[in-house]
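Everything below belongs to work-v1.cif, which stores mmCIF, C-alpha atoms.
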```
data_query
#
loop_
_atom_site.label_atom_id
_atom_site.label_comp_id
_atom_site.auth_asym_id
_atom_site.auth_seq_id
_atom_site.Cartn_x
_atom_site.Cartn_y
_atom_site.Cartn_z
CA MET A 18 0.00 0.00 0.00
CA GLU A 19 1.18 3.54 -0.74
CA GLU A 20 2.34 5.46 2.34
CA PRO A 21 -0.32 8.01 3.34
CA HIS A 22 0.31 11.74 3.75
CA ALA A 23 -1.74 14.37 5.54
CA GLY A 24 -4.11 16.37 3.38
CA PRO A 25 -6.02 19.46 4.56
CA GLY A 26 -7.87 18.71 7.80
CA GLU A 27 -5.89 15.51 8.33
CA VAL A 28 -2.98 14.17 10.34
CA ILE A 29 -0.89 11.05 9.95
CA VAL A 30 -0.58 8.78 12.98
CA ASP A 31 2.25 6.29 13.36
CA VAL A 32 0.47 3.25 14.79
CA LYS A 33 1.98 2.00 18.05
CA ALA A 34 -0.73 -0.53 18.93
CA ALA A 35 -3.55 -2.12 16.94
CA GLY A 36 -6.23 -4.33 18.45
CA LEU A 37 -7.60 -7.38 16.65
CA CYS A 38 -11.38 -7.58 16.47
CA HIS A 39 -13.62 -10.51 15.59
CA SER A 40 -15.51 -8.29 13.16
CA ASP A 41 -12.42 -8.41 10.95
CA VAL A 42 -12.77 -12.20 10.87
CA SER A 43 -16.37 -11.72 9.78
CA ALA A 44 -15.27 -9.24 7.10
CA LEU A 45 -12.83 -11.82 5.74
CA ASP A 46 -15.19 -14.78 5.93
CA ASP A 47 -18.67 -13.38 5.17
CA ALA A 48 -19.30 -11.98 1.68
CA GLY A 49 -22.16 -9.93 3.13
CA TRP A 50 -19.61 -7.58 4.65
CA MET A 51 -18.01 -6.67 1.31
CA ALA A 52 -20.45 -3.82 0.69
CA MET A 53 -18.56 -1.94 3.41
CA PHE A 54 -15.41 -1.90 1.28
CA PRO A 55 -15.72 0.40 -1.78
CA ARG A 56 -12.20 -0.50 -2.87
CA ILE A 57 -9.85 -3.47 -2.70
CA PRO A 58 -7.12 -3.81 -1.52
CA MET A 59 -8.04 -2.37 1.86
CA THR A 60 -6.06 -2.42 5.11
CA LEU A 61 -8.13 -3.57 8.06
CA GLY A 62 -7.58 -2.57 11.70
CA HIS A 63 -10.05 -0.21 13.42
CA GLU A 64 -8.67 -0.30 16.98
CA ASN A 65 -5.62 1.96 17.04
CA ALA A 66 -3.44 4.23 19.15
CA GLY A 67 -0.20 5.96 18.24
CA VAL A 68 1.74 9.18 17.78
CA ILE A 69 1.08 11.98 15.31
CA SER A 70 3.92 12.18 12.78
CA GLU A 71 2.54 14.63 10.20
CA VAL A 72 0.08 17.54 10.49
CA GLY A 73 -1.94 18.86 7.54
CA LYS A 74 -3.25 22.35 6.84
CA GLY A 75 -5.91 23.47 9.32
CA MET A 76 -4.80 20.97 11.97
CA GLU A 77 -2.24 23.15 13.72
CA HIS A 78 -3.97 22.54 17.09
CA TRP A 79 -2.27 19.12 16.92
CA LYS A 80 1.49 18.68 16.82
CA VAL A 81 3.98 16.01 15.87
CA GLY A 82 4.57 13.76 18.87
CA ASP A 83 1.05 13.99 20.35
CA ARG A 84 -0.15 10.65 21.77
CA VAL A 85 -3.63 9.81 20.47
CA GLY A 86 -6.29 7.15 20.34
CA LEU A 87 -8.37 6.90 17.18
CA SER A 88 -12.11 6.65 17.49
CA PRO A 89 -12.98 4.52 14.44
CA MET A 90 -16.28 6.14 13.43
CA MET A 91 -16.55 9.13 11.08
CA PRO A 92 -19.47 11.63 10.92
CA ASP A 93 -20.48 10.40 7.46
CA GLY A 94 -20.70 6.80 8.65
CA ASP A 95 -17.28 5.89 7.29
CA ALA A 96 -14.68 4.38 9.58
CA ILE A 97 -10.96 3.77 9.92
CA GLY A 98 -10.30 0.22 8.79
CA TYR A 99 -13.51 0.15 6.73
CA GLY A 100 -14.85 2.20 3.87
CA ALA A 101 -12.27 4.52 2.34
CA TRP A 102 -9.90 4.77 5.32
CA ASP A 103 -7.07 2.26 5.65
CA GLY A 104 -6.64 0.85 9.15
CA GLY A 105 -3.95 0.12 11.67
CA TYR A 106 -2.83 -3.28 10.44
CA GLY A 107 -0.51 -1.02 8.48
CA PRO A 108 2.08 1.23 10.17
CA LYS A 109 0.46 4.60 9.39
CA VAL A 110 -3.14 5.86 9.25
CA ARG A 111 -4.84 9.09 8.26
CA ALA A 112 -7.15 10.71 10.81
CA THR A 113 -9.21 13.86 11.32
CA ASP A 114 -10.60 15.78 14.28
CA ALA A 115 -13.57 13.42 14.13
CA ASN A 116 -11.27 10.56 15.16
CA LEU A 117 -8.60 12.02 17.38
CA VAL A 118 -8.70 11.78 21.18
CA ARG A 119 -5.69 12.71 23.31
CA LEU A 120 -4.20 9.67 25.03
CA PRO A 121 -3.11 10.47 28.62
CA ASP A 122 0.52 9.70 29.41
CA GLN A 123 -0.52 7.23 32.13
CA VAL A 124 -2.50 5.10 29.65
CA SER A 125 -0.41 2.67 27.58
CA PHE A 126 -0.73 2.43 23.81
CA GLU A 127 -2.08 -1.11 24.27
CA LEU A 128 -4.93 0.05 26.48
CA GLY A 129 -5.38 3.13 24.33
CA ALA A 130 -5.91 0.96 21.26
CA MET A 131 -8.24 -1.50 22.99
CA ALA A 132 -10.34 1.40 24.25
CA THR A 133 -11.09 2.72 20.77
CA ASP A 134 -13.34 -0.19 19.84
CA ALA A 135 -13.71 -2.91 22.46
CA GLY A 136 -13.63 -0.30 25.21
CA LEU A 137 -15.66 2.36 23.44
CA THR A 138 -18.37 -0.05 22.36
CA SER A 139 -18.54 -1.59 25.83
CA TYR A 140 -18.66 1.73 27.65
CA HIS A 141 -21.25 3.28 25.32
CA ALA A 142 -23.58 0.29 25.71
CA MET A 143 -23.21 0.03 29.48
CA VAL A 144 -23.17 3.70 30.50
CA THR A 145 -24.48 5.91 27.70
CA ARG A 146 -27.23 3.58 26.47
CA GLY A 147 -27.81 1.41 29.53
CA GLY A 148 -27.37 4.08 32.20
CA ALA A 149 -25.42 1.86 34.60
CA LYS A 150 -24.95 3.63 37.92
CA LYS A 151 -24.41 3.10 41.62
CA GLY A 152 -26.83 0.65 43.21
CA MET A 153 -28.19 -0.73 39.94
CA ARG A 154 -28.48 -4.51 39.45
CA VAL A 155 -26.82 -5.29 36.13
CA GLY A 156 -26.38 -8.42 34.05
CA VAL A 157 -23.61 -8.93 31.48
CA ILE A 158 -23.65 -11.66 28.84
CA GLY A 159 -20.18 -12.56 27.59
CA LEU A 160 -16.91 -11.66 29.30
CA GLY A 161 -14.73 -11.48 26.21
CA GLY A 162 -12.91 -8.37 25.02
CA LEU A 163 -16.04 -6.21 25.24
CA GLY A 164 -17.89 -7.87 28.10
CA TYR A 165 -14.94 -7.79 30.49
CA ILE A 166 -14.67 -4.03 30.07
CA GLY A 167 -18.43 -3.48 30.27
CA ALA A 168 -18.71 -5.54 33.45
CA ARG A 169 -15.72 -3.85 35.08
CA VAL A 170 -16.99 -0.37 34.16
CA ALA A 171 -20.36 -1.20 35.75
CA VAL A 172 -18.60 -2.39 38.91
CA LEU A 173 -16.53 0.80 39.05
CA LYS A 174 -19.75 2.81 38.65
CA GLY A 175 -21.03 1.08 41.81
CA ALA A 176 -23.45 -1.41 40.24
CA GLU A 177 -24.09 -4.95 41.49
CA VAL A 178 -23.02 -7.03 38.51
CA TYR A 179 -23.86 -10.61 37.51
CA ALA A 180 -22.35 -12.18 34.39
CA ALA A 181 -22.90 -15.12 32.05
CA GLU A 182 -19.92 -16.69 30.29
CA VAL A 183 -19.70 -20.10 28.61
CA ASN A 184 -15.90 -20.32 28.77
CA PRO A 185 -14.93 -21.74 32.21
CA ASP A 186 -11.45 -20.20 31.97
CA THR A 187 -12.96 -16.76 31.48
CA ARG A 188 -15.37 -17.28 34.40
CA GLU A 189 -12.30 -17.41 36.62
CA LEU A 190 -11.93 -13.64 36.07
CA ALA A 191 -15.01 -13.01 38.23
CA ASP A 192 -13.10 -11.88 41.33
CA GLU A 193 -10.73 -9.74 39.28
CA ILE A 194 -13.69 -7.93 37.72
CA GLY A 195 -15.58 -7.68 41.01
CA LEU A 196 -18.69 -9.63 40.02
CA ALA A 197 -21.44 -10.47 42.47
CA GLY A 198 -21.96 -13.74 40.60
CA VAL A 199 -21.02 -15.61 37.41
CA ALA A 200 -22.62 -18.59 35.65
CA ALA A 201 -22.84 -20.23 32.24
CA SER A 202 -26.26 -18.64 31.57
CA ILE A 203 -27.79 -15.33 32.60
CA THR A 204 -30.99 -17.21 33.45
CA ASP A 205 -29.25 -18.41 36.63
CA PHE A 206 -29.84 -14.87 37.92
CA ALA A 207 -33.57 -14.67 37.18
CA ASP A 208 -34.20 -14.17 40.91
CA LYS A 209 -32.01 -11.03 41.07
CA ASN A 210 -34.59 -8.71 39.46
CA LEU A 211 -31.99 -7.30 37.10
CA GLU A 212 -32.69 -3.76 35.93
CA LEU A 213 -30.27 -3.85 33.00
CA ILE A 214 -28.72 -6.61 30.91
CA VAL A 215 -26.13 -5.90 28.24
CA ASP A 216 -25.69 -8.74 25.75
CA TYR A 217 -22.14 -8.56 24.41
CA ALA A 218 -22.45 -12.01 22.79
CA GLY A 219 -25.59 -11.79 20.68
CA PHE A 220 -25.99 -15.42 19.72
CA GLY A 221 -29.77 -15.33 19.49
CA SER A 222 -30.27 -17.65 22.45
CA THR A 223 -28.44 -15.16 24.69
CA THR A 224 -30.83 -12.40 23.63
CA ALA A 225 -33.81 -14.63 24.36
CA GLN A 226 -32.37 -15.54 27.77
CA ALA A 227 -31.90 -11.86 28.61
CA VAL A 228 -35.58 -11.18 27.92
CA GLN A 229 -36.54 -14.12 30.15
CA THR A 230 -34.28 -12.93 32.97
CA LEU A 231 -34.90 -9.18 33.16
CA GLY A 232 -36.98 -7.79 36.00
CA GLU A 233 -40.04 -5.55 35.72
CA SER A 234 -39.43 -2.49 33.48
CA GLY A 235 -35.90 -3.74 32.75
CA THR A 236 -33.74 -2.76 29.81
CA LEU A 237 -31.86 -4.99 27.38
CA VAL A 238 -29.01 -3.36 25.47
CA GLN A 239 -28.01 -5.46 22.46
CA VAL A 240 -24.40 -5.14 21.32
CA GLY A 241 -23.18 -8.57 20.23
CA MET A 242 -23.77 -9.75 16.67
CA GLY A 243 -22.80 -13.40 16.99
CA ARG A 244 -26.07 -14.09 15.16
CA LEU A 245 -28.05 -11.48 13.27
CA GLU A 246 -31.48 -12.80 14.32
CA ALA A 247 -33.11 -13.83 17.60
CA THR A 248 -36.47 -15.28 18.61
CA ILE A 249 -37.71 -13.70 21.83
CA ASP A 250 -40.73 -14.17 24.09
CA THR A 251 -42.86 -11.12 23.33
CA LYS A 252 -45.16 -12.03 26.22
CA GLN A 253 -42.28 -11.26 28.57
CA VAL A 254 -41.59 -7.98 26.76
CA ILE A 255 -45.22 -6.91 27.12
CA LEU A 256 -46.07 -8.10 30.62
CA LYS A 257 -42.81 -6.91 32.16
CA GLN A 258 -42.85 -3.70 30.05
CA LEU A 259 -39.30 -4.27 28.90
CA GLN A 260 -37.20 -1.92 26.82
CA ILE A 261 -34.84 -3.22 24.11
CA LEU A 262 -32.11 -0.91 22.81
CA GLY A 263 -29.42 -1.37 20.21
CA SER A 264 -25.93 0.01 20.67
CA LYS A 265 -22.91 0.38 18.37
CA SER A 266 -19.52 1.97 18.81
CA GLY A 267 -19.62 5.23 20.78
CA THR A 268 -18.66 8.89 20.87
CA LYS A 269 -15.45 10.82 21.39
CA GLN A 270 -16.82 11.85 24.80
CA ASP A 271 -17.26 8.17 25.71
CA LEU A 272 -13.63 7.53 24.75
CA GLU A 273 -12.37 10.50 26.77
CA GLU A 274 -14.31 9.28 29.84
CA LEU A 275 -12.96 5.78 29.32
CA TYR A 276 -9.37 7.05 29.13
CA ASP A 277 -9.95 8.91 32.41
CA LEU A 278 -11.16 5.66 33.97
CA MET A 279 -8.17 3.73 32.62
CA GLY A 280 -5.88 6.44 33.93
CA THR A 281 -6.91 5.57 37.51
CA GLY A 282 -5.34 2.13 37.12
CA GLU A 283 -8.58 0.39 38.12
CA LEU A 284 -9.49 -0.78 34.63
CA ASN A 285 -6.88 -3.18 33.26
CA PRO A 286 -8.49 -5.66 30.85
CA PRO A 287 -6.44 -8.75 29.93
CA LEU A 288 -4.20 -8.29 26.88
CA ASN A 289 -2.33 -10.67 24.59
CA ARG A 290 0.61 -8.88 22.96
CA ILE A 291 1.68 -9.97 19.48
CA THR A 292 3.79 -8.51 16.65
CA PRO A 293 2.30 -7.01 13.47
CA HIS A 294 3.62 -10.04 11.55
CA GLN A 295 1.43 -12.25 13.77
CA ILE A 296 -1.82 -10.47 12.86
CA PRO A 297 -2.93 -13.18 10.37
CA GLU A 298 -2.21 -15.86 12.99
CA GLY A 299 -4.08 -13.78 15.57
CA LEU A 300 -7.15 -13.54 13.33
CA ASP A 301 -7.02 -17.33 12.95
CA ARG A 302 -7.01 -17.62 16.76
CA LEU A 303 -10.10 -15.41 16.93
CA ARG A 304 -11.73 -17.50 14.21
CA GLN A 305 -11.15 -20.67 16.25
CA GLY A 306 -12.44 -19.08 19.49
CA GLY A 307 -11.30 -19.39 23.08
CA VAL A 308 -9.05 -16.31 23.23
CA VAL A 309 -9.15 -14.75 26.71
CA GLY A 310 -8.58 -11.00 26.52
CA ARG A 311 -7.83 -8.76 23.55
CA LEU A 312 -5.10 -9.48 21.01
CA ILE A 313 -2.97 -6.34 20.51
CA ALA A 314 -0.28 -5.96 17.85
CA LEU A 315 2.57 -3.71 19.02
CA TYR A 316 4.71 -1.78 16.57
CA GLU A 317 8.31 -1.18 17.55
CA ASP A 318 9.62 2.38 17.89
#
```

Rewrite the structure of this file - the entire thing - as structure tokens.
Amino acid sequence: MEEPHAGPGEVIVDVKAAGLCHSDVSALDDAGWMAMFPRIPMTLGHENAGVISEVGKGMEHWKVGDRVGLSPMMPDGDAIGYGAWDGGYGPKVRATDANLVRLPDQVSFELGAMATDAGLTSYHAMVTRGGAKKGMRVGVIGLGGLGYIGARVAVLKGAEVYAAEVNPDTRELADEIGLAGVAASITDFADKNLELIVDYAGFGSTTAQAVQTLGESGTLVQVGMGRLEATIDTKQVILKQLQILGSKSGTKQDLEELYDLMGTGELNPPLNRITPHQIPEGLDRLRQGGVVGRLIALYED
């Protein structure tokens, strides 16, 4: 790929860390995703943090050497690593004010990258859409890259959090996260009168189980897209007056708040560090399943 340069209203960021996301596996394996790519070849990688190395006209409020995280979404619906914007599986990316968030010195590039997608999506669903707060009884489905962060954020907000996770190795993270309970299915907590459940898995059956489990006037926030359809019990929705919300990605404000939370040292999701040359192998690991924590490719200085 040709090395990018900063046009007007743009900067170039030297990528220091790039997170691997299962949606990239879907993009490679499912032809239905190809409509998101107006040109081929295209460099994937939408979870990035790095250092500004070039500043274009009109972007003088940024300077070379600034540490940044890159919110993937663009105002026009485009995104870094999708659409017309090459992503961080290459060493340099273009970005605009719509993407750039200052990365505090106390937050590592690895965490900074994870936060831009796994963290941002988790936080937005749990806090901005779900309204998690102190004293709330919250359920989390899936404790993978997104669910771990969502559950931990809810705990740090003061919520009483119960989680469902099918991987027994991942369930062992319950104490580290601060969960009030963990089980293979969220239905094990039907007696907890949960006010909010965030489904980070989205395998159809998990969505149905969330509807069965929620308490009166509860809210389901759907994030996971493991399956694109679910059959739910509408009787439960009606009689319990449930609310079902969708959630995707997040805002720059969400990312700034998340960086502040990470800066306290109380939010340290599990990471698996790899080299950029291991990205294809890492995507294969995601395809096979069972990865605990986020895979992060680190670029050398």

Exercise for review: Please identify all polymer residues within 12 Å of A:Lys269, counting only C-alpha atoms, omitting same-chain residues fewer than 2 positions from it, and present them as a ChimeraX atom specification.
Suggested key: /A:85-92,114-120,132-134,136-138,140-141,266-267,271-276

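One finds atom CA of A:Ala225 at 19.5 Å from atom CA of A:Arg146.
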
**Study point:** Test item: the PyMOL selection byres ((chain A and resi 186) around 12) resolved as an NGL selection string
**Key:** :A and (160-161 or 182-185 or 187-191 or 199-201 or 307-310)

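Closest approach to A:Lys174 from the set A:Leu284, A:Asp192, A:Gly105, A:Gly299 is made by A:Leu284, with distances taken over only C-alpha atoms.
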
**Study point:** Residue IDs satisfying the PyMOL selection byres ((chain A and resi 110) around 10), as a PyMOL selection string
**Key:** chain A and resi 20-23+28-32+60+62+65+67+69+87+97-98+102-109+111-112

**Study point:** Long-range neighbours of A:Gly164 as a PyMOL selection string, 10 Å cut-off, all atoms listed in the file, 4 positions minimum in chain
**Key:** chain A and resi 135-136+138-140+143+157-160+168-170+180-182+215-218+240-241+310

Restricting it to C-alpha atoms, dump the selection as a PDB file, in the coordinates of the input.
```
ATOM      1  CA  ALA A 135     -13.710  -2.910  22.460  1.00  0.00           C
ATOM      2  CA  GLY A 136     -13.630  -0.300  25.210  1.00  0.00           C
ATOM      3  CA  THR A 138     -18.370  -0.050  22.360  1.00  0.00           C
ATOM      4  CA  SER A 139     -18.540  -1.590  25.830  1.00  0.00           C
ATOM      5  CA  TYR A 140     -18.660   1.730  27.650  1.00  0.00           C
ATOM      6  CA  MET A 143     -23.210   0.030  29.480  1.00  0.00           C
ATOM      7  CA  VAL A 157     -23.610  -8.930  31.480  1.00  0.00           C
ATOM      8  CA  ILE A 158     -23.650 -11.660  28.840  1.00  0.00           C
ATOM      9  CA  GLY A 159     -20.180 -12.560  27.590  1.00  0.00           C
ATOM     10  CA  LEU A 160     -16.910 -11.660  29.300  1.00  0.00           C
ATOM     11  CA  ALA A 168     -18.710  -5.540  33.450  1.00  0.00           C
ATOM     12  CA  ARG A 169     -15.720  -3.850  35.080  1.00  0.00           C
ATOM     13  CA  VAL A 170     -16.990  -0.370  34.160  1.00  0.00           C
ATOM     14  CA  ALA A 180     -22.350 -12.180  34.390  1.00  0.00           C
ATOM     15  CA  ALA A 181     -22.900 -15.120  32.050  1.00  0.00           C
ATOM     16  CA  GLU A 182     -19.920 -16.690  30.290  1.00  0.00           C
ATOM     17  CA  VAL A 215     -26.130  -5.900  28.240  1.00  0.00           C
ATOM     18  CA  ASP A 216     -25.690  -8.740  25.750  1.00  0.00           C
ATOM     19  CA  TYR A 217     -22.140  -8.560  24.410  1.00  0.00           C
ATOM     20  CA  ALA A 218     -22.450 -12.010  22.790  1.00  0.00           C
ATOM     21  CA  VAL A 240     -24.400  -5.140  21.320  1.00  0.00           C
ATOM     22  CA  GLY A 241     -23.180  -8.570  20.230  1.00  0.00           C
ATOM     23  CA  GLY A 310      -8.580 -11.000  26.520  1.00  0.00           C
TER      24      GLY A 310
END
```

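Proximity to A:Gly152 was assessed for A:His78, A:Ile291, A:Ile57, A:Leu211 counting all atoms listed in the file; the smallest distance is recorded for A:Leu211.
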
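If you measure from each of A:Ala207, A:Leu61, A:Ile194, A:Val254 to A:Pro286 using all atoms listed in the file, the closest one turns out to be A:Ile194.
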
Practice item. Name every residue that the PyMOL selection byres ((chain A and resi 303) around 12) selects in this structure, writing the answer as a ChimeraX atom specification with chains first and numbers rising. Key: /A:36-43,161-162,289,296-302,304-312

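Atom CA of A:Pro55 lies 28.2 Å from atom CA of A:Gly129.
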
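Going from atom CA of A:Arg244 over to atom CA of A:Thr224, you cover 9.9 Å.
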
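The shortest atom-to-atom distance to A:Thr236, with all atoms listed in the file taken into account, belongs to A:Ile214 out of A:Leu196, A:Ile203, A:Ile214, A:Met131.
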
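In terms of minimum interatomic distance to A:Val178, A:Gly156 ranks closest within A:Glu193, A:Thr145, A:Gly156, A:Tyr165, counting all atoms listed in the file.
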
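Here the question is which of A:Val228, A:Leu237, A:Met51, A:Leu315 gets nearest to A:Lys252 using only C-alpha atoms, and that residue is A:Val228.
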
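Excluding A:Tyr316 itself and same-chain residues fewer than 5 positions from it, the residues having an atom within 9 Å of it are A:Val32, A:Lys33, A:Ala34, A:Ala35, A:Pro108, A:Thr292, A:Pro293, counting all atoms listed in the file.
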
Which centre and edge lengths in Å to one decimal define the box along x, y and z that fits every listed atom of stretch 213-220 of chain A plus 6 Å per side, as JSON?
```
{"center_x": -26.2, "center_y": -9.6, "center_z": 26.4, "size_x": 20.1, "size_y": 23.6, "size_z": 25.3}
```

Where atoms are absent from stretch 206-227 of chain A, fill them in so it carries N, CA, C and O atoms, then output it as a PDB file, in the coordinates of the input.
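Listed below is the output, result09.pdb:
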```pdb
ATOM      1  N   PHE A 206     -29.649 -16.038  37.063  1.00  0.00           N
ATOM      2  CA  PHE A 206     -29.840 -14.870  37.920  1.00  0.00           C
ATOM      3  C   PHE A 206     -31.236 -14.273  37.752  1.00  0.00           C
ATOM      4  O   PHE A 206     -31.456 -13.082  37.990  1.00  0.00           O
ATOM      5  N   ALA A 207     -32.202 -15.130  37.378  1.00  0.00           N
ATOM      6  CA  ALA A 207     -33.570 -14.670  37.180  1.00  0.00           C
ATOM      7  C   ALA A 207     -34.190 -14.157  38.477  1.00  0.00           C
ATOM      8  O   ALA A 207     -35.151 -13.377  38.451  1.00  0.00           O
ATOM      9  N   ASP A 208     -33.652 -14.596  39.613  1.00  0.00           N
ATOM     10  CA  ASP A 208     -34.200 -14.170  40.910  1.00  0.00           C
ATOM     11  C   ASP A 208     -33.581 -12.857  41.400  1.00  0.00           C
ATOM     12  O   ASP A 208     -33.941 -12.375  42.475  1.00  0.00           O
ATOM     13  N   LYS A 209     -32.703 -12.254  40.629  1.00  0.00           N
ATOM     14  CA  LYS A 209     -32.010 -11.030  41.070  1.00  0.00           C
ATOM     15  C   LYS A 209     -32.724  -9.756  40.647  1.00  0.00           C
ATOM     16  O   LYS A 209     -32.286  -8.659  40.996  1.00  0.00           O
ATOM     17  N   ASN A 210     -33.831  -9.888  39.903  1.00  0.00           N
ATOM     18  CA  ASN A 210     -34.590  -8.710  39.460  1.00  0.00           C
ATOM     19  C   ASN A 210     -33.674  -7.693  38.782  1.00  0.00           C
ATOM     20  O   ASN A 210     -33.635  -6.513  39.143  1.00  0.00           O
ATOM     21  N   LEU A 211     -32.957  -8.151  37.776  1.00  0.00           N
ATOM     22  CA  LEU A 211     -31.990  -7.300  37.100  1.00  0.00           C
ATOM     23  C   LEU A 211     -32.675  -6.148  36.370  1.00  0.00           C
ATOM     24  O   LEU A 211     -33.661  -6.340  35.657  1.00  0.00           O
ATOM     25  N   GLU A 212     -32.130  -4.956  36.552  1.00  0.00           N
ATOM     26  CA  GLU A 212     -32.690  -3.760  35.930  1.00  0.00           C
ATOM     27  C   GLU A 212     -32.145  -3.541  34.526  1.00  0.00           C
ATOM     28  O   GLU A 212     -32.787  -2.895  33.691  1.00  0.00           O
ATOM     29  N   LEU A 213     -30.946  -4.040  34.283  1.00  0.00           N
ATOM     30  CA  LEU A 213     -30.270  -3.850  33.000  1.00  0.00           C
ATOM     31  C   LEU A 213     -29.482  -5.101  32.663  1.00  0.00           C
ATOM     32  O   LEU A 213     -28.794  -5.652  33.532  1.00  0.00           O
ATOM     33  N   ILE A 214     -29.596  -5.557  31.421  1.00  0.00           N
ATOM     34  CA  ILE A 214     -28.720  -6.610  30.910  1.00  0.00           C
ATOM     35  C   ILE A 214     -28.127  -6.124  29.604  1.00  0.00           C
ATOM     36  O   ILE A 214     -28.839  -5.634  28.723  1.00  0.00           O
ATOM     37  N   VAL A 215     -26.813  -6.225  29.487  1.00  0.00           N
ATOM     38  CA  VAL A 215     -26.130  -5.900  28.240  1.00  0.00           C
ATOM     39  C   VAL A 215     -25.615  -7.201  27.642  1.00  0.00           C
ATOM     40  O   VAL A 215     -24.843  -7.918  28.281  1.00  0.00           O
ATOM     41  N   ASP A 216     -26.086  -7.503  26.441  1.00  0.00           N
ATOM     42  CA  ASP A 216     -25.690  -8.740  25.750  1.00  0.00           C
ATOM     43  C   ASP A 216     -24.546  -8.439  24.796  1.00  0.00           C
ATOM     44  O   ASP A 216     -24.746  -7.907  23.705  1.00  0.00           O
ATOM     45  N   TYR A 217     -23.326  -8.783  25.229  1.00  0.00           N
ATOM     46  CA  TYR A 217     -22.140  -8.560  24.410  1.00  0.00           C
ATOM     47  C   TYR A 217     -21.867  -9.754  23.492  1.00  0.00           C
ATOM     48  O   TYR A 217     -20.923  -9.701  22.697  1.00  0.00           O
ATOM     49  N   ALA A 218     -22.652 -10.816  23.602  1.00  0.00           N
ATOM     50  CA  ALA A 218     -22.450 -12.010  22.790  1.00  0.00           C
ATOM     51  C   ALA A 218     -23.354 -12.005  21.560  1.00  0.00           C
ATOM     52  O   ALA A 218     -22.896 -12.106  20.426  1.00  0.00           O
ATOM     53  N   GLY A 219     -24.657 -11.912  21.787  1.00  0.00           N
ATOM     54  CA  GLY A 219     -25.590 -11.790  20.680  1.00  0.00           C
ATOM     55  C   GLY A 219     -25.730 -13.022  19.830  1.00  0.00           C
ATOM     56  O   GLY A 219     -25.739 -12.935  18.596  1.00  0.00           O
ATOM     57  N   PHE A 220     -25.854 -14.183  20.484  1.00  0.00           N
ATOM     58  CA  PHE A 220     -25.990 -15.420  19.720  1.00  0.00           C
ATOM     59  C   PHE A 220     -27.436 -15.889  19.591  1.00  0.00           C
ATOM     60  O   PHE A 220     -27.703 -17.075  19.444  1.00  0.00           O
ATOM     61  N   GLY A 221     -28.371 -14.964  19.643  1.00  0.00           N
ATOM     62  CA  GLY A 221     -29.770 -15.330  19.490  1.00  0.00           C
ATOM     63  C   GLY A 221     -30.335 -15.891  20.783  1.00  0.00           C
ATOM     64  O   GLY A 221     -31.221 -15.301  21.409  1.00  0.00           O
ATOM     65  N   SER A 222     -29.820 -17.044  21.190  1.00  0.00           N
ATOM     66  CA  SER A 222     -30.270 -17.650  22.450  1.00  0.00           C
ATOM     67  C   SER A 222     -29.935 -16.748  23.636  1.00  0.00           C
ATOM     68  O   SER A 222     -30.706 -16.676  24.598  1.00  0.00           O
ATOM     69  N   THR A 223     -28.810 -16.055  23.577  1.00  0.00           N
ATOM     70  CA  THR A 223     -28.440 -15.160  24.690  1.00  0.00           C
ATOM     71  C   THR A 223     -29.419 -13.995  24.785  1.00  0.00           C
ATOM     72  O   THR A 223     -29.777 -13.559  25.883  1.00  0.00           O
ATOM     73  N   THR A 224     -29.856 -13.484  23.643  1.00  0.00           N
ATOM     74  CA  THR A 224     -30.830 -12.400  23.630  1.00  0.00           C
ATOM     75  C   THR A 224     -32.151 -12.864  24.219  1.00  0.00           C
ATOM     76  O   THR A 224     -32.776 -12.163  25.033  1.00  0.00           O
ATOM     77  N   ALA A 225     -32.573 -14.062  23.831  1.00  0.00           N
ATOM     78  CA  ALA A 225     -33.810 -14.630  24.360  1.00  0.00           C
ATOM     79  C   ALA A 225     -33.716 -14.843  25.873  1.00  0.00           C
ATOM     80  O   ALA A 225     -34.668 -14.582  26.621  1.00  0.00           O
ATOM     81  N   GLN A 226     -32.565 -15.310  26.338  1.00  0.00           N
ATOM     82  CA  GLN A 226     -32.370 -15.540  27.770  1.00  0.00           C
ATOM     83  C   GLN A 226     -32.392 -14.227  28.553  1.00  0.00           C
ATOM     84  O   GLN A 226     -32.872 -14.174  29.681  1.00  0.00           O
ATOM     85  N   ALA A 227     -31.870 -13.166  27.947  1.00  0.00           N
ATOM     86  CA  ALA A 227     -31.900 -11.860  28.610  1.00  0.00           C
ATOM     87  C   ALA A 227     -33.328 -11.392  28.818  1.00  0.00           C
ATOM     88  O   ALA A 227     -33.677 -10.882  29.894  1.00  0.00           O
TER      89      ALA A 227
END
```
